Amino acid sequence: MNAVSPGLDRRFRDAAASEGLLDAAYDLVDSPVGPLLVAATKRGLCRISYDADPERELDRLARDFGVRVLRSAKPIDPARRELDEYFEGARREFDLPLDVTLLADFNRRVLRELARVPYGEVVTYGELATRSARPRAARAVGTVMNRNPLPIVLPCHRVIGANGKLTGYAGGLERKETLLRLEGAIL
Amino acid sequence: MSTMTLPPFERFYEQHRAEIFGFLVRRLGRDRAEDAFQETFLRALRAYPKLEHGEHLRAWAYTIASRIAVDEHRRPRADADLPELASLDGRPAFAQLEHLADQLPPTERAAVVLRYGYDLDYSDIGAALGSNATAARQAASAGIRRLRQKEL
């Protein structure tokens, strides 16, 4: 009878975010490739996780961004909206601020090049390495893709092997295929 | 004693929100409790990164809620044996008492603060300390005894 009502709970979580008191906010976003745990700092989107174990993710976010981590829908709403549109086929590019401050220079450079790969197209690991000014670093590029903190928005699913095989995907090959099919890159 | 690391705020909030809300409802009634609840956890959130470890978080949450309940009532406090605590807002009550009671064991310190700083009854203090009213009463009086000895 003294339970905190959902309305009160939501009000607190919104207020915490809008007063700028959070190091990171997160929420779950439904999608055709399963629920996504999406997190954002004041600077921008900082994480999208497949199959997230919320407790572990909570600890990771606190370690990376600070202890004031709270589930809060409001700061995640813009990303939720754009992801919904993307999965409905109504959006081909994301227009969201991203927080990549924690990434090493090389990762950031590769991800910046990755962000330029257009919707519905694919690129090989080697080609992406060349575009990142490290033509021999195809393998390192693969590692960067594997650790991409913002899959879907930073489209590592558009990177494939030189032999045309999908090769790998941190979220599982099935999801890579689903995303490429959605974009019309494969049949 | 092992030192617990400070948990992510989400976990702290999940763990304590129900009993803190219940406590505020008992003190203020349901309508006023809602605003006080939000204020309690916003204040906790502001102070949270300054905490050095994850111990006694429940008692800490109670001290914040108690202070807000007192502010809500705006009534003069009885039993004011100890100095006014409300001036150092946002800091853990333990830290505020440090100059005065830094040698008290944590449980006694918390019991003294909650009883004399915030006028909580012993069953609430027991809840805050994870024990019961009898243990809370004993801890508070042991703390006061110790403080008196130090003053002499």
# chains A, B, ... in the order shown; residues from 1 in each chain; ligands from 1

$ residues_around --residues "stretch 108-120 of chain B" --least-positions-apart "3" --cutoff "6 Å" --atoms "only C-alpha atoms" --output "ChimeraX atom specification"
/B:66,104-105,139-140,143

$ closest_atom_pairs --of "chain A" --to "chain B" --cutoff "8 Å" --atoms "only C-alpha atoms" --output "Markdown table"
| residue | atom | partner | partner_atom | distance |
| --- | --- | --- | --- | --- |
| A:Asn2 | CA | B:Gly22 | CA | 5.2 |
| A:Ala3 | CA | B:Ala18 | CA | 5.8 |
| A:Val4 | CA | B:Ala18 | CA | 6.0 |
| A:Leu8 | CA | B:Glu34 | CA | 6.9 |
| A:Arg11 | CA | B:Gln38 | CA | 7.8 |
| A:Phe12 | CA | B:Gln38 | CA | 5.5 |
| A:Ala15 | CA | B:Leu42 | CA | 7.9 |
| A:Ala16 | CA | B:Leu42 | CA | 6.3 |
| A:Leu21 | CA | B:Arg46 | CA | 6.6 |
| A:Leu58 | CA | B:Pro8 | CA | 6.7 |
| A:Asp59 | CA | B:Pro8 | CA | 6.6 |
| A:Ala62 | CA | B:Pro8 | CA | 5.7 |
| A:Gly66 | CA | B:Pro49 | CA | 7.9 |
| A:Val67 | CA | B:Pro8 | CA | 4.7 |
| A:Arg68 | CA | B:Phe9 | CA | 5.1 |
| A:Val69 | CA | B:Phe9 | CA | 5.5 |
| A:Leu70 | CA | B:Glu10 | CA | 4.7 |
| A:Arg71 | CA | B:Glu10 | CA | 6.7 |

$ residues_around --residues "B:Ala69" --least-positions-apart "4" --cutoff "8 Å" --atoms "only C-alpha atoms" --output "PyMOL selection string"
chain B and resi 24+27-28+36+65+73

$ write_last_selection --atoms "C-alpha atoms" --output "tab-separated table (two decimals), in the first residue's frame"
chain	number	residue	atom	x	y	z
B	24	LEU	CA	7.76	9.51	4.36
B	27	ARG	CA	5.70	11.07	8.65
B	28	LEU	CA	3.94	13.36	6.19
B	36	ALA	CA	9.38	14.65	-0.33
B	65	ALA	CA	14.53	11.66	4.07
B	73	HIS	CA	7.13	20.30	8.99

$ residues_around --residues "B:Tyr122" --least-positions-apart "2" --cutoff "6 Å" --atoms "only C-alpha atoms" --output "list of chain:residue names"
B:Asp124, B:Ile125, B:Gly126, B:Ala133, B:Ala136

$ atom_distance --atom1 "atom CA of A:Glu121" --atom2 "atom CA of A:Arg158"
6.5 Å

$ residues_around --residues "stretch 130-146 of chain A" --least-positions-apart "5" --cutoff "6 Å" --atoms "only C-alpha atoms" --output "compact mmCIF listing (two decimals) with C-alpha atoms, in the first residue's frame"
# COMPACT_ATOMS: atom_id res chain seq x y z
CA ASN A 107 38.80 3.16 -32.90
CA VAL A 110 37.65 3.73 -37.93
CA TYR A 125 37.20 -4.96 -43.49
CA CYS A 156 29.26 -2.34 -38.34
CA ALA A 170 29.08 -9.15 -32.03

$ closest_atom_pairs --of "stretch 79-141 of chain A" --to "stretch 43-46 of chain A" --cutoff "12 Å" --atoms "only C-alpha atoms" --output "JSON lines"
{"residue": "A:Ala79", "atom": "CA", "partner": "A:Leu45", "partner_atom": "CA", "distance": 7.8}
{"residue": "A:Arg80", "atom": "CA", "partner": "A:Leu45", "partner_atom": "CA", "distance": 11.0}
{"residue": "A:Phe94", "atom": "CA", "partner": "A:Leu45", "partner_atom": "CA", "distance": 11.3}
{"residue": "A:Asp95", "atom": "CA", "partner": "A:Leu45", "partner_atom": "CA", "distance": 10.8}
{"residue": "A:Leu96", "atom": "CA", "partner": "A:Leu45", "partner_atom": "CA", "distance": 7.2}
{"residue": "A:Pro97", "atom": "CA", "partner": "A:Gly44", "partner_atom": "CA", "distance": 4.7}
{"residue": "A:Leu98", "atom": "CA", "partner": "A:Gly44", "partner_atom": "CA", "distance": 4.3}
{"residue": "A:Asp99", "atom": "CA", "partner": "A:Gly44", "partner_atom": "CA", "distance": 4.7}
{"residue": "A:Val100", "atom": "CA", "partner": "A:Cys46", "partner_atom": "CA", "distance": 6.6}
{"residue": "A:Thr101", "atom": "CA", "partner": "A:Cys46", "partner_atom": "CA", "distance": 8.9}
{"residue": "A:Leu102", "atom": "CA", "partner": "A:Cys46", "partner_atom": "CA", "distance": 9.1}
{"residue": "A:Leu103", "atom": "CA", "partner": "A:Cys46", "partner_atom": "CA", "distance": 10.4}

$ write_last_selection --atoms "N, CA and C atoms" --output "PDB file, in the first residue's frame"
ATOM      1  N   ALA A  79      16.662   8.510 -29.284  1.00  0.00           N
ATOM      2  CA  ALA A  79      17.250   7.317 -29.903  1.00  0.00           C
ATOM      3  C   ALA A  79      16.169   6.280 -30.174  1.00  0.00           C
ATOM      4  N   ARG A  80      15.249   6.140 -29.242  1.00  0.00           N
ATOM      5  CA  ARG A  80      14.162   5.179 -29.421  1.00  0.00           C
ATOM      6  C   ARG A  80      13.356   5.520 -30.680  1.00  0.00           C
ATOM      7  N   PHE A  94      21.073   8.110 -39.100  1.00  0.00           N
ATOM      8  CA  PHE A  94      20.759   8.536 -37.735  1.00  0.00           C
ATOM      9  C   PHE A  94      21.274   9.944 -37.505  1.00  0.00           C
ATOM     10  N   ASP A  95      20.495  10.683 -36.773  1.00  0.00           N
ATOM     11  CA  ASP A  95      20.857  12.053 -36.495  1.00  0.00           C
ATOM     12  C   ASP A  95      20.854  12.247 -34.976  1.00  0.00           C
ATOM     13  N   LEU A  96      21.832  11.606 -34.325  1.00  0.00           N
ATOM     14  CA  LEU A  96      21.880  11.621 -32.866  1.00  0.00           C
ATOM     15  C   LEU A  96      23.294  12.005 -32.420  1.00  0.00           C
ATOM     16  N   PRO A  97      23.411  12.831 -31.386  1.00  0.00           N
ATOM     17  CA  PRO A  97      24.752  13.081 -30.859  1.00  0.00           C
ATOM     18  C   PRO A  97      25.307  11.806 -30.230  1.00  0.00           C
ATOM     19  N   LEU A  98      26.583  11.544 -30.470  1.00  0.00           N
ATOM     20  CA  LEU A  98      27.212  10.336 -29.944  1.00  0.00           C
ATOM     21  C   LEU A  98      28.320  10.717 -28.970  1.00  0.00           C
ATOM     22  N   ASP A  99      28.453   9.945 -27.927  1.00  0.00           N
ATOM     23  CA  ASP A  99      29.554  10.148 -26.979  1.00  0.00           C
ATOM     24  C   ASP A  99      30.591   9.057 -27.210  1.00  0.00           C
ATOM     25  N   VAL A 100      31.661   9.413 -27.908  1.00  0.00           N
ATOM     26  CA  VAL A 100      32.718   8.428 -28.174  1.00  0.00           C
ATOM     27  C   VAL A 100      34.006   8.837 -27.459  1.00  0.00           C
ATOM     28  N   THR A 101      33.870   9.636 -26.423  1.00  0.00           N
ATOM     29  CA  THR A 101      35.046  10.179 -25.732  1.00  0.00           C
ATOM     30  C   THR A 101      35.927   9.090 -25.128  1.00  0.00           C
ATOM     31  N   LEU A 102      35.330   7.946 -24.802  1.00  0.00           N
ATOM     32  CA  LEU A 102      36.126   6.907 -24.143  1.00  0.00           C
ATOM     33  C   LEU A 102      36.962   6.085 -25.110  1.00  0.00           C
ATOM     34  N   LEU A 103      36.707   6.233 -26.398  1.00  0.00           N
ATOM     35  CA  LEU A 103      37.366   5.357 -27.356  1.00  0.00           C
ATOM     36  C   LEU A 103      38.778   5.824 -27.685  1.00  0.00           C
TER      37      LEU A 103
END

$ atom_distance --atom1 "atom CA of B:Ala61" --atom2 "atom CA of B:Thr5"
16.4 Å

$ select_by_dssp --residues "stretch 10-183 of chain A" --states "alpha helix (DSSP H)" --output "count of residues only"
69

$ residues_around --residues "A:Ala25" --least-positions-apart "2" --cutoff "8 Å" --atoms "only C-alpha atoms" --output "PDB file with C-alpha atoms, in the first residue's frame"
ATOM      1  CA  ALA A  17      17.703  13.379 -16.013  1.00  0.00           C
ATOM      2  CA  LEU A  22      23.062  11.626 -14.270  1.00  0.00           C
ATOM      3  CA  ASP A  23      26.404  10.363 -15.478  1.00  0.00           C
ATOM      4  CA  ASP A  27      16.521   2.203 -20.992  1.00  0.00           C
ATOM      5  CA  ALA A  39      22.470   4.367 -22.798  1.00  0.00           C
ATOM      6  CA  ALA A  40      23.341   8.039 -23.108  1.00  0.00           C
ATOM      7  CA  THR A  41      25.454  10.589 -21.279  1.00  0.00           C
ATOM      8  CA  VAL A  69      23.559   5.688 -13.574  1.00  0.00           C
ATOM      9  CA  LEU A  70      19.777   5.503 -13.629  1.00  0.00           C
ATOM     10  CA  ARG A  71      17.196   3.923 -15.851  1.00  0.00           C
ATOM     11  CA  SER A  72      15.334   6.851 -17.343  1.00  0.00           C
ATOM     12  CA  ALA A  73      13.181   6.809 -20.463  1.00  0.00           C
ATOM     13  CA  PRO A  75      16.938  10.902 -22.330  1.00  0.00           C
ATOM     14  CA  ILE A  76      16.651   7.755 -24.450  1.00  0.00           C
TER      15      ILE A  76
END

$ closest_residue --among "B:Ala135, B:Ala142, B:Ile68, B:Leu51" --to "B:Arg32" --atoms "only C-alpha atoms"
B:Ile68

$ closest_residue --among "A:Glu57, A:Glu85, A:Glu177, A:Glu113" --to "A:Val38" --atoms "only C-alpha atoms"
A:Glu57

$ atom_distance --atom1 "atom CA of A:Pro151" --atom2 "atom CA of A:Ile48"
6.2 Å
